[in-house]
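Engineer: One structure follows; several queries about it will come next.
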Amino acid sequence: MSLLEARGLSKRFGGVRAVDHLDLALAEGDLLGLIGPNGAGKTTAFNLLSGFLAPDAGEIRLRGRSIVGLKPHRICQLGVARTFQIVRPFPRMTVLQNVEVGALARHAGTGAAVRVARAVVEQVGLGPKANAVASGLTMPERKRLELARALATEPAVLLLDEVMAGLNPTEIERMVVLLREIHAAGMSMLLIEHNMRAVMALSQRVVVLNFGSKIAEGAPAEVARHPKVVEAYLGEEYVDAAPAR
Amino acid sequence: MTWLGIAALGVLLALPAVVSSYVLTILIFIFFYAFLGQAWNVVGGYAGQLSVGHAAFLGVGAYASAVLAQEVGLSPWLGMFVGGALAGALGAVIGYLGFRFGLRGFYFVLLTVAFAEVCRIVVNNVEAVGGAVGFYITFTGDPRQFQFRDNRAWYYVTLVLMLAATGIVALIERRRFGVYLAAIREDESAAEALGVDTLRYKMLAMIVSSFLTGVGGTFYACYLLSLQPNAVFGIPLSVEIIIRPIVGGSGTLLGPILGSFILTPLAEVSRYYLGQGGWHGAHLIAYGVLLVAVVLFLPEGAYPRLVRLVRARKRA
Amino acid sequence: MDLTLVAQGLLSGLLFGGVTSLMAVGLTLIFGVMRVVNFAHGDMMVWGMYLAWMLSSRAGIDPYLGFVVCAAALFVLGLGVQRGLVDRILDAPHEMQILLMLGVALVLENAALVAFGPEPARVRSSLTLPPLWLGPLFVDVARLITFVIAIALTVLLGLFLFRTAFGRRIRAAADNPYGALVVGTDVRRVYAVAFGIGAACVGAAGALVAPILPFQPTTGLGLSVASFNIVIIGGMGSLLGAFLGGLIVSIAESLGAVFLAPSMKELVSFGLLIVILLFRPAGLFGKRAA
Ligand SMILES: Nc1ncnc2c1ncn2[C@@H]1O[C@H](COP(=O)(O)OP(=O)(O)O)[C@@H](O)[C@H]1O
Ligand SMILES: [Mg+2]
């Protein structure tokens with residue numbers, strides 16, 4: 001049985017089919033990449049999986065149990081944590097407090113939650129910034145904070161939406177190492193990523209979306225040669241693992 | 001910090017022995033408005049849900065305990081909690097409607113104002129509780145009736161109210177409840193993504209806040225002995241309730257108290273001096289100017305600014 | 001139930017609705033363009049009333065002429081408030097905007113209290129004529145004149161917004177501030193003028209209503225709340241919604257006074273407001289949701 005599975009997932013906005021009969025399956029311990037040009041429907045798929053949007057049609061199961069129609073907080077409590085592409089830190093709270101909010105999902109007492117939060121903050125490399133106010137963080141730090149908060153909810157699946165966008169190559173390298181560590185520790189992940197090199201470095205399998213539909217699925221290297229994928233990316237961004245600028 | 005708190009408490013306990021009755025009266029109002037501000041702070045400050053209709057809760061609490069005392073003979077010591085419960089129920093209704101239907105910002109403000117206005121108009125038209133004439137409480141001076149002849153007793157009553165509310169807020173602040181409220185205030189969607197049941201916690205905040213405000217209604221009724229619907233349910237009173245925590249620093253534990261210590265004497269003194277020259281309303285002009293100045297120059301409030309000044313001083 | 005009474009209520013409500021509409025159109029214009037709720041709207045209107053009163057009692061100018069001066073004065077006030085205060089907090093959280101405007105409202109209301117005292121005032125128009133009779137219904141001439149001028153002003157404003165170049169720029173800014181920026185509109189100027197016009201609306205409305213409604217400094221708060229109700233009911237930012245909402249609310253309150261009690265008439269509009277907030281927060285004529 002898959003850990004997280006979506007079947008026939010669909011969502012329209014007016015005339016736009018943002019997600020169109022999408023099937024996804026993530027097994028325990030998987031790291032699945034979700035790629036596709038801008039506007040392909042990746043973020044919308046995350047919004048559906050995490051309960052921020054209700055699907056027009058389709059089914060979402062977590063360990064076989066349907067989670068369609070549940071509120072986002074409930075889905076988080078059940079073990080699906082997401083990050084936001086456009087990061088949303090709690091600006092006037094410190095890094096540690098931000099992460100504590102996540103940890104409180106599993107630990108009712110603030111003492112235990114703070115301990116967990118501290119460990120996660122260290123894990124993502126924000127230790128020196130633990131007591132800094134979130135509004136003062138740099139973009140790479142914000143991305144790490146976004147990741148840390150989701151991790152602190154001790155999820156079964158992590159949904160990461162472009163956590164490397166806006167980072168420079170060195171920062172991307174560090175993020176790849178960090179994600180690999182987290183994955184190695186047993187975390188299942190669904191990773192939306194624009195940076196193909198990072199995707200190739202991390203995932204065994206990728207799903208390619210275009211206009212809301214899955215156009216290819218398979219090992220990163222295979223998928224990158226798939227004609228439909230090449231076509232989808234033409235004029236958008238070259239599929240080749242061009243170094244990020 | 002702890003020692004500072006203990007010292008402050010000692011001073012407050014000893015104060016009635018040394019100050020004049022006029023000063024004592026001002027202190028009573030400082031404490032009472034700090035109490036109301038602290039109650040508002042739970043939902044308006046910590047949870048960031050701007051209610052401009054809190055007078056409704058005060059009014060419901062005040063009328064409930066006054067009417068129960070006069071008509072049924074229930075002691076306000078108990079009526080206080082009945083009033084609080086009724087106010088809490090009203091808060092639950094308003095909160096549920098507002099939060100369930102996703103009203104934010106101006107829409108939520110208007111919903112709270114509308115409910116307060118409905119209360120005001122209805123009470124104005126219910127002859128059984130005095131209608132527009134108001135409801136009056138006979139003065140007995142009997143402590144069992146929550147009435148005191150000595151202003152010093154009122155002083156301690158309001159001091160306890162203020163400290164109790166502050167204690168409750170301190171407890172909330174340190175628990176999951178408080179952290180979640182802050183998260184909701186900062187970014188509701190992000191909070192939801194992290195497992196926060198935002199509807200539930202906003203409701204809880206609203207109920208705690210309206211319950212406490214309703215409890216305060218009993219002091220209002222028994223101290224002033226008369227309730228006028230236009231005053232008790234009016235928007236101006238709601239503004240009085242919110243302005244102190246905002247000036248002091250909303251969403252902070254000591255903001256409402258600091259705000260009340262700044263504003264209440266200012267209002268009192270300017271009302272006294274400016275009112276003498278026929279300048280009715282002048283102190284409210286000062287209020288308005290202050291509100292504008294706070295928004296433009298001190299949007300986070302006085303307390304956070306004070307804390308930063310002290311920290312900077314220490315480091316220097 | 002006496003049908004004549006109901007018809008009379010309808011008629012009075014409709015006639016009073018002219019100023020209510022003008023007031024609400026001013027509020028929704030400011031909101032539409034700047035996304036700022038003018039909490040001082042009613043207090044600005046009260047200043048329009050007192051200016052009309054001064055013009056009438058000191059200079060003998062009839063309010064039905066004086067409203068032009070009142071509108072001009074309030075235009076300047078609105079422009080000043082926008083330039084001096086609102087402009088600085090356009091990007092601030094809306095709580096801060098609400099508090100700022102509450103501050104302005106307190107200043108305006110109490111300045112009126114200091115200047116004119118708490119007693120109710122009333123302006124006499126020299127045009128006051130005996131009522132006209134329409135069968136069994138009587139028409140108060142003052143109300144009729146007020147209604148006609150208010151509607152004429154609203155139509156003029158509509159023509160300005162929809163038919164002139166600057167008016168179109170204001171509406172463009174209301175629809176999309178960034179779009180207006182791109183096409184090179186001086187957004188700050190548009191904002192200041194829009195706030196000025198919004199205030200001028202209540203300046204005129206205040207002067208026009210002064211002969212038929214006794215007022216005092218505290219009247220402003222109720223007027224503010226009434227205009228908020230109307231723009232929510234009509235649809236925030238919708239000019240047509242504010243116009244029709246003003247008429248609807250005025251008629252509903254007038255009928256409420258007939259069916260309930262005069263002191264309970266506002267209950268009708270608050271009830272309507274709560275229902276709209278819950279079930280149709282975009283308002284009767286609004287397209288944008290809450
Ligand atoms: N809330 C929304 N309302 C209307 N259209 C939306 C909304 N969210 C996304 N869309 C549209 O859905 C499509 C998919 O968007 P998105 O999921 O953000 O793509 P991606 O994350 O792959 O770049 C786009 O055409 C986008 O404009
Ligand atoms: Mg996206």
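Order determines the names: the first chain of the structure tokens is A, the second B, and so forth; residues in each chain are numbered 1 upward, and ligands are numbered 1 upward as they are shown.
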Using only C-alpha atoms and all ligand atoms, which protein or nucleic acid residues are at most 6 Å from ligand 1, as a PyMOL selection string?

Structural biologist: chain A and resi 13+18+38-44

Engineer: Output N, CA, C and O atoms of each residue in that selection to a file, as a PDB file, in the first residue's frame.

Structural biologist:
ATOM      1  N   PHE A  13      -9.758  26.289 -12.302  1.00  0.00           N
ATOM      2  CA  PHE A  13     -10.027  27.672 -11.904  1.00  0.00           C
ATOM      3  C   PHE A  13     -10.674  28.337 -13.097  1.00  0.00           C
ATOM      4  O   PHE A  13      -9.986  28.647 -14.069  1.00  0.00           O
ATOM      5  N   ALA A  18      -6.153  23.480 -13.782  1.00  0.00           N
ATOM      6  CA  ALA A  18      -4.864  23.616 -13.103  1.00  0.00           C
ATOM      7  C   ALA A  18      -4.278  22.243 -12.811  1.00  0.00           C
ATOM      8  O   ALA A  18      -3.079  22.021 -12.931  1.00  0.00           O
ATOM      9  N   ASN A  38       6.484  26.472 -15.399  1.00  0.00           N
ATOM     10  CA  ASN A  38       5.673  27.376 -14.576  1.00  0.00           C
ATOM     11  C   ASN A  38       4.210  27.298 -14.980  1.00  0.00           C
ATOM     12  O   ASN A  38       3.899  27.281 -16.159  1.00  0.00           O
ATOM     13  N   GLY A  39       3.349  27.232 -13.989  1.00  0.00           N
ATOM     14  CA  GLY A  39       1.919  27.182 -14.282  1.00  0.00           C
ATOM     15  C   GLY A  39       1.421  25.792 -14.623  1.00  0.00           C
ATOM     16  O   GLY A  39       0.275  25.617 -15.023  1.00  0.00           O
ATOM     17  N   ALA A  40       2.274  24.786 -14.441  1.00  0.00           N
ATOM     18  CA  ALA A  40       1.883  23.418 -14.799  1.00  0.00           C
ATOM     19  C   ALA A  40       0.872  22.837 -13.821  1.00  0.00           C
ATOM     20  O   ALA A  40       0.190  21.863 -14.130  1.00  0.00           O
ATOM     21  N   GLY A  41       0.790  23.413 -12.635  1.00  0.00           N
ATOM     22  CA  GLY A  41      -0.179  22.924 -11.662  1.00  0.00           C
ATOM     23  C   GLY A  41       0.451  22.232 -10.464  1.00  0.00           C
ATOM     24  O   GLY A  41      -0.247  21.589  -9.683  1.00  0.00           O
ATOM     25  N   LYS A  42       1.753  22.401 -10.285  1.00  0.00           N
ATOM     26  CA  LYS A  42       2.448  21.712  -9.195  1.00  0.00           C
ATOM     27  C   LYS A  42       1.984  22.223  -7.831  1.00  0.00           C
ATOM     28  O   LYS A  42       1.622  21.441  -6.943  1.00  0.00           O
ATOM     29  N   THR A  43       1.989  23.549  -7.688  1.00  0.00           N
ATOM     30  CA  THR A  43       1.584  24.121  -6.401  1.00  0.00           C
ATOM     31  C   THR A  43       0.120  23.799  -6.113  1.00  0.00           C
ATOM     32  O   THR A  43      -0.253  23.491  -4.982  1.00  0.00           O
ATOM     33  N   THR A  44      -0.693  23.845  -7.165  1.00  0.00           N
ATOM     34  CA  THR A  44      -2.105  23.508  -6.974  1.00  0.00           C
ATOM     35  C   THR A  44      -2.242  22.068  -6.483  1.00  0.00           C
ATOM     36  O   THR A  44      -3.053  21.786  -5.586  1.00  0.00           O
TER      37      THR A  44
END

Engineer: Among stretch 111-234 of chain A, which residues carry a DSSP assignment of helix (DSSP H, G or I), reported as JSON, numbers by chain?

Structural biologist: {"A": [111, 112, 113, 114, 115, 116, 117, 118, 119, 120, 121, 122, 123, 127, 128, 129, 134, 135, 136, 139, 140, 141, 142, 143, 144, 145, 146, 147, 148, 149, 150, 151, 152, 169, 170, 171, 172, 173, 174, 175, 176, 177, 178, 179, 180, 181, 182, 183, 184, 196, 197, 198, 199, 200, 201, 202, 220, 221, 222, 223, 224, 225, 227, 228, 229, 230, 231, 232, 233]}

Engineer: Write out as a list of chain:residue names all residues of stretch 119-300 of chain B that DSSP puts in strand (DSSP E) for this structure's backbone.

Structural biologist: B:Phe135, B:Tyr136, B:Ser226, B:Leu227

Engineer: Could you list the residues in chain A lying within 6 Å of chain B, using only C-alpha atoms, and format the result as a ChimeraX atom specification?

Structural biologist: /A:72-73,76-77,90,102,105

Engineer: How would you write, as number ranges by chain, the set of residues no farther than 12 Å from ligand 2 when counting only C-alpha atoms and all ligand atoms?

Structural biologist: A: 18, 34-47, 83-87, 160-163, 165, 191-194, 209, 212

Engineer: Find, counting only C-alpha atoms, the residue in C:Thr164, C:Thr28, C:Ser254, C:Ser269 that gets nearest to chain B.

Structural biologist: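 Closest to chain B of all the choices is C:Ser269.
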
Engineer: Hey, list the chain C side of the contact with chain B: 9 Å cut-off, only C-alpha atoms, answer as a ChimeraX atom specification.

Structural biologist: /C:37,85,88-89,94-115,117-118,221,225,228-229,232,261,263-264,266-267,270-271,273-274,277-279,281,290

Engineer: Restricting it to N, CA and C atoms, dump the selection as a compact mmCIF listing (two decimals), in the first residue's frame.

Structural biologist:
# COMPACT_ATOMS: atom_id res chain seq x y z
N VAL C 37 -10.65 52.24 4.72
CA VAL C 37 -11.99 52.54 5.17
C VAL C 37 -11.97 53.85 5.94
N LEU C 85 -1.72 61.96 6.15
CA LEU C 85 -1.79 60.78 7.03
C LEU C 85 -1.94 59.47 6.27
N ARG C 88 0.79 57.75 4.26
CA ARG C 88 1.93 57.11 4.93
C ARG C 88 1.65 55.69 5.35
N ILE C 89 0.38 55.30 5.38
CA ILE C 89 0.09 53.98 5.93
C ILE C 89 -0.65 53.11 4.93
N HIS C 94 -4.21 46.46 7.92
CA HIS C 94 -5.44 47.26 7.95
C HIS C 94 -5.87 47.65 9.35
N GLU C 95 -5.44 46.90 10.39
CA GLU C 95 -5.77 47.35 11.76
C GLU C 95 -5.22 48.75 11.96
N MET C 96 -4.00 48.96 11.45
CA MET C 96 -3.36 50.25 11.66
C MET C 96 -4.13 51.34 10.92
N GLN C 97 -4.61 51.02 9.71
CA GLN C 97 -5.38 52.01 8.97
C GLN C 97 -6.67 52.35 9.71
N ILE C 98 -7.30 51.31 10.25
CA ILE C 98 -8.56 51.52 10.97
C ILE C 98 -8.31 52.41 12.18
N LEU C 99 -7.22 52.13 12.90
CA LEU C 99 -6.93 52.92 14.09
C LEU C 99 -6.61 54.37 13.73
N LEU C 100 -5.86 54.54 12.67
CA LEU C 100 -5.54 55.90 12.24
C LEU C 100 -6.82 56.68 11.95
N MET C 101 -7.71 56.06 11.20
CA MET C 101 -8.93 56.77 10.83
C MET C 101 -9.83 56.97 12.05
N LEU C 102 -9.79 56.03 12.99
CA LEU C 102 -10.52 56.24 14.25
C LEU C 102 -9.99 57.48 14.96
N GLY C 103 -8.67 57.63 14.94
CA GLY C 103 -8.05 58.80 15.55
C GLY C 103 -8.54 60.08 14.89
N VAL C 104 -8.55 60.09 13.57
CA VAL C 104 -9.03 61.27 12.84
C VAL C 104 -10.50 61.55 13.20
N ALA C 105 -11.28 60.46 13.29
CA ALA C 105 -12.70 60.62 13.63
C ALA C 105 -12.86 61.27 15.00
N LEU C 106 -12.07 60.79 15.97
CA LEU C 106 -12.15 61.36 17.33
C LEU C 106 -11.83 62.85 17.30
N VAL C 107 -10.79 63.21 16.55
CA VAL C 107 -10.39 64.61 16.49
C VAL C 107 -11.51 65.45 15.87
N LEU C 108 -12.04 64.97 14.75
CA LEU C 108 -13.07 65.77 14.07
C LEU C 108 -14.32 65.92 14.94
N GLU C 109 -14.76 64.80 15.53
CA GLU C 109 -15.98 64.86 16.31
C GLU C 109 -15.82 65.82 17.49
N ASN C 110 -14.70 65.71 18.18
CA ASN C 110 -14.56 66.50 19.38
C ASN C 110 -14.16 67.93 19.10
N ALA C 111 -13.53 68.14 17.94
CA ALA C 111 -13.31 69.53 17.53
C ALA C 111 -14.66 70.21 17.31
N ALA C 112 -15.60 69.47 16.73
CA ALA C 112 -16.94 70.03 16.54
C ALA C 112 -17.59 70.30 17.90
N LEU C 113 -17.34 69.39 18.84
CA LEU C 113 -17.92 69.57 20.18
C LEU C 113 -17.36 70.82 20.84
N VAL C 114 -16.05 71.01 20.73
CA VAL C 114 -15.43 72.19 21.32
C VAL C 114 -15.93 73.45 20.61
N ALA C 115 -16.05 73.39 19.30
CA ALA C 115 -16.42 74.58 18.54
C ALA C 115 -17.89 74.93 18.67
N GLY C 117 -20.40 73.05 20.71
CA GLY C 117 -21.15 72.60 21.87
C GLY C 117 -22.02 71.40 21.53
N PRO C 118 -22.55 70.77 22.60
CA PRO C 118 -23.25 69.50 22.42
C PRO C 118 -24.72 69.64 22.00
N LEU C 221 -20.76 59.54 14.31
CA LEU C 221 -20.48 58.12 14.50
C LEU C 221 -21.57 57.26 13.86
N VAL C 225 -21.19 54.58 10.77
CA VAL C 225 -21.63 53.19 10.83
C VAL C 225 -22.68 52.91 9.77
N PHE C 228 -20.96 52.50 6.48
CA PHE C 228 -20.30 51.19 6.38
C PHE C 228 -21.33 50.12 6.02
N ASN C 229 -22.45 50.16 6.73
CA ASN C 229 -23.50 49.18 6.44
C ASN C 229 -23.88 49.21 4.98
N ILE C 232 -21.23 47.80 2.58
CA ILE C 232 -21.11 46.34 2.67
C ILE C 232 -22.32 45.70 2.02
N ALA C 261 -40.56 50.39 15.65
CA ALA C 261 -40.71 51.63 16.39
C ALA C 261 -39.63 52.53 15.87
N SER C 263 -37.40 54.20 17.22
CA SER C 263 -36.10 54.03 17.85
C SER C 263 -35.44 52.72 17.45
N MET C 264 -36.17 51.85 16.78
CA MET C 264 -35.60 50.56 16.41
C MET C 264 -35.30 50.47 14.92
N GLU C 266 -32.90 51.37 13.08
CA GLU C 266 -31.56 50.94 12.67
C GLU C 266 -31.38 49.43 12.80
N LEU C 267 -32.22 48.84 13.63
CA LEU C 267 -32.14 47.39 13.79
C LEU C 267 -32.29 46.69 12.44
N PHE C 270 -28.97 46.87 10.60
CA PHE C 270 -27.96 45.99 11.19
C PHE C 270 -28.29 44.53 10.93
N GLY C 271 -29.58 44.23 11.00
CA GLY C 271 -29.99 42.86 10.69
C GLY C 271 -29.62 42.50 9.26
N LEU C 273 -27.34 43.90 7.49
CA LEU C 273 -25.88 43.84 7.40
C LEU C 273 -25.36 42.47 7.82
N ILE C 274 -25.86 41.99 8.96
CA ILE C 274 -25.35 40.71 9.47
C ILE C 274 -25.65 39.59 8.48
N LEU C 277 -23.26 40.01 5.54
CA LEU C 277 -21.89 39.64 5.91
C LEU C 277 -21.72 38.13 5.88
N LEU C 278 -22.74 37.44 6.33
CA LEU C 278 -22.60 36.00 6.46
C LEU C 278 -22.83 35.28 5.14
N PHE C 279 -23.79 35.74 4.39
CA PHE C 279 -24.17 34.93 3.23
C PHE C 279 -23.74 35.51 1.89
N PRO C 281 -20.90 38.13 1.45
CA PRO C 281 -19.99 39.19 1.90
C PRO C 281 -19.54 40.11 0.77
N ALA C 290 -15.07 38.78 -0.01
CA ALA C 290 -14.39 39.35 1.16
C ALA C 290 -12.94 38.88 1.24

Engineer: Give the answer as one residue: which of B:Gly91, B:Gly178, B:Val60, B:Trp40 has the shortest atom-to-atom distance to A:Ala108, using only C-alpha atoms?

Structural biologist: B:Gly178

Engineer: So that I can check the surroundings of stretch 215-226 of chain B, please list as a VMD selection string every protein, DNA and RNA residue that reaches within 10 Å of it, counting only C-alpha atoms and ignoring chain neighbours fewer than 4 positions away.

Structural biologist: chain B and resid 32 to 33 35 to 36 39 55 to 67 69 76 to 88 133 to 139 141 145 to 148 151 154 157 to 158 161 to 162 210 to 211 232

Engineer: Write out the residues from the selection above, keeping N, CA and C atoms, as a compact mmCIF listing (two decimals), in the first residue's frame.

Structural biologist:
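What follows is the written file again07.txt:
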# COMPACT_ATOMS: atom_id res chain seq x y z
N PHE B 32 -9.06 49.22 36.28
CA PHE B 32 -10.22 48.66 35.60
C PHE B 32 -10.01 48.68 34.08
N TYR B 33 -9.52 49.78 33.56
CA TYR B 33 -9.27 49.83 32.11
C TYR B 33 -8.13 48.89 31.71
N PHE B 35 -7.62 46.09 33.16
CA PHE B 35 -8.30 44.79 33.16
C PHE B 35 -9.05 44.59 31.84
N LEU B 36 -9.83 45.59 31.45
CA LEU B 36 -10.60 45.47 30.20
C LEU B 36 -9.66 45.33 29.00
N ALA B 39 -8.32 41.89 28.88
CA ALA B 39 -9.33 40.95 28.38
C ALA B 39 -9.42 41.06 26.85
N ALA B 55 -17.63 46.61 23.99
CA ALA B 55 -18.58 47.21 24.93
C ALA B 55 -19.81 46.31 25.08
N ALA B 56 -20.15 45.59 24.02
CA ALA B 56 -21.31 44.69 24.10
C ALA B 56 -21.14 43.69 25.24
N PHE B 57 -19.94 43.16 25.39
CA PHE B 57 -19.71 42.15 26.43
C PHE B 57 -19.77 42.78 27.81
N LEU B 58 -19.17 43.96 27.92
CA LEU B 58 -19.24 44.68 29.19
C LEU B 58 -20.70 44.96 29.52
N GLY B 59 -21.46 45.42 28.55
CA GLY B 59 -22.86 45.77 28.76
C GLY B 59 -23.68 44.56 29.17
N VAL B 60 -23.50 43.46 28.46
CA VAL B 60 -24.26 42.25 28.79
C VAL B 60 -23.93 41.81 30.22
N GLY B 61 -22.64 41.80 30.55
CA GLY B 61 -22.25 41.40 31.90
C GLY B 61 -22.82 42.33 32.95
N ALA B 62 -22.76 43.64 32.67
CA ALA B 62 -23.23 44.62 33.64
C ALA B 62 -24.74 44.51 33.85
N TYR B 63 -25.48 44.48 32.75
CA TYR B 63 -26.93 44.39 32.86
C TYR B 63 -27.35 43.08 33.53
N ALA B 64 -26.70 41.97 33.13
CA ALA B 64 -27.10 40.68 33.69
C ALA B 64 -26.95 40.69 35.20
N SER B 65 -25.79 41.11 35.68
CA SER B 65 -25.60 41.00 37.13
C SER B 65 -26.43 42.05 37.86
N ALA B 66 -26.61 43.24 37.26
CA ALA B 66 -27.41 44.28 37.92
C ALA B 66 -28.88 43.86 38.00
N VAL B 67 -29.40 43.36 36.89
CA VAL B 67 -30.81 42.97 36.87
C VAL B 67 -31.03 41.79 37.81
N ALA B 69 -29.37 41.09 40.46
CA ALA B 69 -29.26 41.56 41.83
C ALA B 69 -30.53 42.30 42.25
N PRO B 76 -24.23 39.92 43.36
CA PRO B 76 -23.33 40.17 42.22
C PRO B 76 -22.05 39.33 42.27
N TRP B 77 -21.71 38.83 43.46
CA TRP B 77 -20.54 37.97 43.54
C TRP B 77 -20.73 36.73 42.67
N LEU B 78 -22.01 36.30 42.57
CA LEU B 78 -22.33 35.19 41.67
C LEU B 78 -22.74 35.72 40.30
N GLY B 79 -23.50 36.82 40.34
CA GLY B 79 -24.00 37.43 39.10
C GLY B 79 -22.87 37.76 38.16
N MET B 80 -21.71 38.08 38.75
CA MET B 80 -20.51 38.37 37.98
C MET B 80 -20.21 37.24 36.98
N PHE B 81 -20.36 36.01 37.49
CA PHE B 81 -20.02 34.87 36.63
C PHE B 81 -21.15 34.55 35.66
N VAL B 82 -22.39 34.81 36.10
CA VAL B 82 -23.51 34.66 35.16
C VAL B 82 -23.33 35.66 34.01
N GLY B 83 -23.02 36.91 34.38
CA GLY B 83 -22.80 37.94 33.36
C GLY B 83 -21.65 37.56 32.44
N GLY B 84 -20.58 37.04 33.06
CA GLY B 84 -19.43 36.61 32.26
C GLY B 84 -19.83 35.51 31.29
N ALA B 85 -20.64 34.55 31.80
CA ALA B 85 -21.04 33.43 30.95
C ALA B 85 -21.91 33.91 29.78
N LEU B 86 -22.83 34.83 30.09
CA LEU B 86 -23.68 35.34 29.01
C LEU B 86 -22.85 36.10 27.97
N ALA B 87 -21.92 36.91 28.47
CA ALA B 87 -21.04 37.64 27.55
C ALA B 87 -20.22 36.65 26.74
N GLY B 88 -19.75 35.60 27.40
CA GLY B 88 -18.97 34.57 26.70
C GLY B 88 -19.81 33.91 25.61
N VAL B 133 -33.97 55.13 29.55
CA VAL B 133 -33.73 55.83 30.82
C VAL B 133 -32.55 55.22 31.55
N GLY B 134 -32.38 53.92 31.39
CA GLY B 134 -31.27 53.26 32.06
C GLY B 134 -31.74 52.43 33.24
N PHE B 135 -30.81 51.69 33.80
CA PHE B 135 -31.13 50.80 34.92
C PHE B 135 -30.32 51.24 36.13
N TYR B 136 -31.01 51.32 37.27
CA TYR B 136 -30.35 51.85 38.45
C TYR B 136 -30.26 50.81 39.55
N ILE B 137 -29.20 50.89 40.32
CA ILE B 137 -28.97 49.94 41.40
C ILE B 137 -29.01 50.71 42.71
N THR B 138 -29.75 50.18 43.66
CA THR B 138 -29.82 50.88 44.94
C THR B 138 -28.51 50.71 45.69
N PHE B 139 -28.07 51.81 46.26
CA PHE B 139 -26.82 51.76 47.00
C PHE B 139 -27.09 51.22 48.40
N GLY B 141 -24.12 49.70 50.11
CA GLY B 141 -22.81 49.71 50.75
C GLY B 141 -22.50 48.37 51.39
N GLN B 145 -23.26 42.55 48.70
CA GLN B 145 -23.88 42.98 47.45
C GLN B 145 -22.84 43.58 46.50
N PHE B 146 -21.57 43.27 46.75
CA PHE B 146 -20.48 43.80 45.93
C PHE B 146 -20.52 45.33 45.92
N GLN B 147 -20.77 45.89 47.09
CA GLN B 147 -20.75 47.36 47.19
C GLN B 147 -19.90 47.72 48.40
N PHE B 148 -19.17 48.80 48.26
CA PHE B 148 -18.25 49.18 49.32
C PHE B 148 -18.35 50.67 49.56
N ASN B 151 -13.46 53.68 49.28
CA ASN B 151 -12.80 53.61 47.98
C ASN B 151 -11.61 52.65 47.99
N TRP B 154 -12.64 49.31 46.83
CA TRP B 154 -12.74 49.28 45.36
C TRP B 154 -11.36 49.19 44.71
N VAL B 157 -10.32 45.70 44.86
CA VAL B 157 -11.15 44.89 43.93
C VAL B 157 -10.61 45.02 42.51
N THR B 158 -10.39 46.26 42.08
CA THR B 158 -9.93 46.43 40.69
C THR B 158 -8.49 45.96 40.53
N LEU B 161 -8.81 42.34 40.00
CA LEU B 161 -9.30 42.08 38.64
C LEU B 161 -8.14 42.17 37.64
N MET B 162 -7.39 43.25 37.74
CA MET B 162 -6.30 43.47 36.78
C MET B 162 -5.25 42.35 36.90
N SER B 210 -14.38 37.60 25.89
CA SER B 210 -15.70 38.17 26.17
C SER B 210 -16.17 37.78 27.57
N PHE B 211 -15.79 36.59 28.04
CA PHE B 211 -16.14 36.20 29.41
C PHE B 211 -15.53 37.18 30.41
N VAL B 232 -23.07 52.17 27.98
CA VAL B 232 -22.50 50.85 28.26
C VAL B 232 -22.26 50.05 26.98

Engineer: Skipping near chain neighbours, those fewer than 3 positions away, what residues fall within 8 Å of C:Ala252 using only C-alpha atoms, listed as a list in words?

Structural biologist: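 The filter keeps Gly13, Ile248, Val249, Leu255, Gly256, Val268 and Ser269 of chain C.
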
Engineer: Taking 2 positions as the minimum chain separation for residues in the same chain, which residues sit within 7 Å of stretch 142-150 of chain A when counting only C-alpha atoms? Answer as a VMD selection string.

Structural biologist: (chain A and resid 81 to 83 87 89 95 98 to 99 102 120 to 121 124 137 to 140 152 to 153 163) or (chain B and resid 194)

Engineer: Quick check, in Å to one decimal: how far apart do atom CA of B:Val52 and atom CA of B:Ser238 lie?

Structural biologist: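 Separation between atom CA of B:Val52 and atom CA of B:Ser238: 5.7 Å.
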
Engineer: Would you mind reading off the distance between atom CA of A:Thr170 and atom CA of A:Ile182, one decimal, in Å?

Structural biologist: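 About the pair atom CA of A:Thr170 and atom CA of A:Ile182: they are 18.6 Å apart.
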